[in-house]
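A short write-up of the structure that comes next.
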Amino acid sequence: MLQIVPLDRHRAGHRRRFIRYPHAIYRGDPNWVPPLEMAQHVLLSNKEPFYEHAETQLFMARRDGRDVGRIAATENRKHNEIHNDRVGFAGFFECVRDPEVSRALFAAAEDWLRARGLDTMRGPVNLSTNHTIGLFVSGEPGPPMIDMTYNPPYYEDLFLEAGFSKVMDVTAHKMSVARPETMDRLEKICQRVEDKEDVTSRIIDMKHFDRDLQIIKQIYNAAWDQNWGFVPLSDKEIDHIAEDLKMVVDPGLVRYIFVGERPAGFIAVVRNLNEILVKMNGRLFPFGLFRILFGMSKIKSVRLLLMGVTREFRNRGLETVLYYRAMQYSISRGYTLCENSWLLETNDQVLRASEFMGGREYRRYRIYDRKIT
């Protein structure tokens with residue numbers, strides 16, 4: 001008999017059951033990177049400041065004495081206030097290859113969202129667009145980059161069978177860091193911009209981390225406010241993310257650009273920690289922390305996580321300066337591969353810029369909607 005069991009995310013044992021379930025789905029899959037369980041516990045508890053404007057309900061599917069699927073339903077009040085809609089989110093979806101189970105999970109999430117007055121269920125969105133999103137639907141095989149999703153191919157069939165339809169695709173571009181022809185082209189543009197404008201750039205100063213974090217707060221919400229599905233981050237949310245990254249960030253990969261004395265933009269490239277996490281089975285202790293600390297220098301791939309310029313200073317070539325200087329540093333440190341993700345399929349300007357920098361689409365992720373009836 002199939003049962004849908006609500007779990008209480010405030011209880012560590014319930015969170016642990018929810019967090020550990022994917023191991024049953026991906027056991028033996030060399031491309032799956034188990035997320036750090038400690039980080040997942042924080043993400044699903046009130047230590048995550050996201051819950052100051054949102055709520056999430058966890059569900060497990062159980063049949064014949066064993067768990068066979070999971071889902072989380074989320075109401076993000078800030079999203080609905082900003083976009084003037086009534087969208088709820090379904091995320092953290094994992095399921096055996098059985099439409100009966102997936103339909104029951106989606107129905108449980110839908111019932112919870114309907115009770116809160118919402119009229120659309122969107123997913124997979126693992127809390128919000130500021131977290132992890134999308135179903136991997138096409139592209140090159142292999143482990144995902146840090147904070148990108150991964151799933152069995154049959155998940156797409158489960159979504160479609162349950163009546164979901166595509167609302168948006170996001171893509172990942174792959175680029176070689178050390179392509180001489182690309183770097184030569186970018187260097188010429190970079191020099192032209194820096195000579196023509198009163199433009200300077202520098203890397204993040206870890207000795208004055210809190211001061212430099214204020215610049216990111218100033219730029220982030222202004223640079224991305226026109227993006228589909230964007231929800232601005234609060235100061236607490238940015239502080240929370242920054243604290244996580246502080247231990248593992250390579251300072252040379254985070255760079256600010258100024259026009260005169262005014263902050264105009266920044267780029268944040270992060271080391272692909274998944275090169276290490278794939279070997280840790282989600283456990284930080286007893287030896288995981290040492291693997292991270294001593295394995296950091298061996299990481300060869302990076303992810304271009306964020307690059308934004310405020311509206312006032314766009315179309316001046318500042319993005320090229322940020323990218324060129326970051327890649328110049330990457331070459332000096334021996335990084336070889338960069339993923340630029342995620343990119344909205346509708347953002348032609350960003351897609352063209354990524355292609356100009358040598359990127360090409362190599363993976364695609366899909367977000368679906370289903371009307372709540």
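Naming scheme: A, B, ... for chains in displayed order of the structure tokens; residues 1 onward per chain; ligands 1 onward as shown.
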I need the alpha helix (DSSP H) residues of region 119-228 of chain A per DSSP on the backbone, written as JSON, numbers by chain.
{"A": [154, 155, 156, 157, 158, 159, 160, 161, 180, 181, 182, 183, 184, 185, 186, 187, 188, 189, 190, 191, 192, 193, 194, 195, 196, 209, 210, 211, 212, 213, 214, 215, 216, 217, 218, 219, 220, 221, 222, 223]}
Would you give me, as a ChimeraX atom specification, the residues in region 176-282 of chain A that DSSP reads as strand (DSSP E)?
/A:176,199-203,254-259,262-271
Please list as JSON, numbers by chain every residue within 10 Å of Asp239 (chain A), counting only C-alpha atoms and excluding residues in the same chain fewer than 3 positions away.
{"A": [49, 210, 213, 214, 217, 233, 234, 235, 236, 242, 243, 244, 245]}
Output C-alpha atoms of each residue in that selection to a file, as a PDB file, in the first residue's frame.
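Okay, this is what ended up in result_2.pdb:
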```
ATOM      1  CA  PRO A  49      17.133  32.847   6.546  1.00  0.00           C
ATOM      2  CA  ASP A 210      32.646  42.335   5.466  1.00  0.00           C
ATOM      3  CA  LEU A 213      30.494  42.016   0.982  1.00  0.00           C
ATOM      4  CA  GLN A 214      28.620  45.318   1.238  1.00  0.00           C
ATOM      5  CA  LYS A 217      24.841  43.578  -1.539  1.00  0.00           C
ATOM      6  CA  LEU A 233      18.160  38.413  -1.464  1.00  0.00           C
ATOM      7  CA  SER A 234      17.939  39.988   1.956  1.00  0.00           C
ATOM      8  CA  ASP A 235      21.094  41.094   3.758  1.00  0.00           C
ATOM      9  CA  LYS A 236      20.752  38.068   6.045  1.00  0.00           C
ATOM     10  CA  ALA A 242      28.890  34.377   2.009  1.00  0.00           C
ATOM     11  CA  GLU A 243      29.706  32.611   5.270  1.00  0.00           C
ATOM     12  CA  ASP A 244      29.449  29.249   3.505  1.00  0.00           C
ATOM     13  CA  LEU A 245      31.674  30.380   0.646  1.00  0.00           C
TER      14      LEU A 245
END
```
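Among the candidates A:Pro6, A:Gly134, A:Gly139, A:Gly265, the residue lying nearest to Arg360 (chain A) is A:Gly139 (atoms considered: only C-alpha atoms).
Using only C-alpha atoms, the contacts of Met183 (chain A) at a cut-off of 10 Å, with sequence neighbours closer than 2 positions omitted, comprise Val177, Ala178, Arg179, Pro180, Glu181, Arg185, Leu186, Glu187, Lys188, Ile189, Tyr323, Tyr324, Arg325, Met327, Gln328, Met357 and Gly358 of chain A.
Counting only C-alpha atoms and comparing A:His41, A:Arg366, A:Arg63, A:His14, the residue that lies closest to Val101 (chain A) is A:Arg63.
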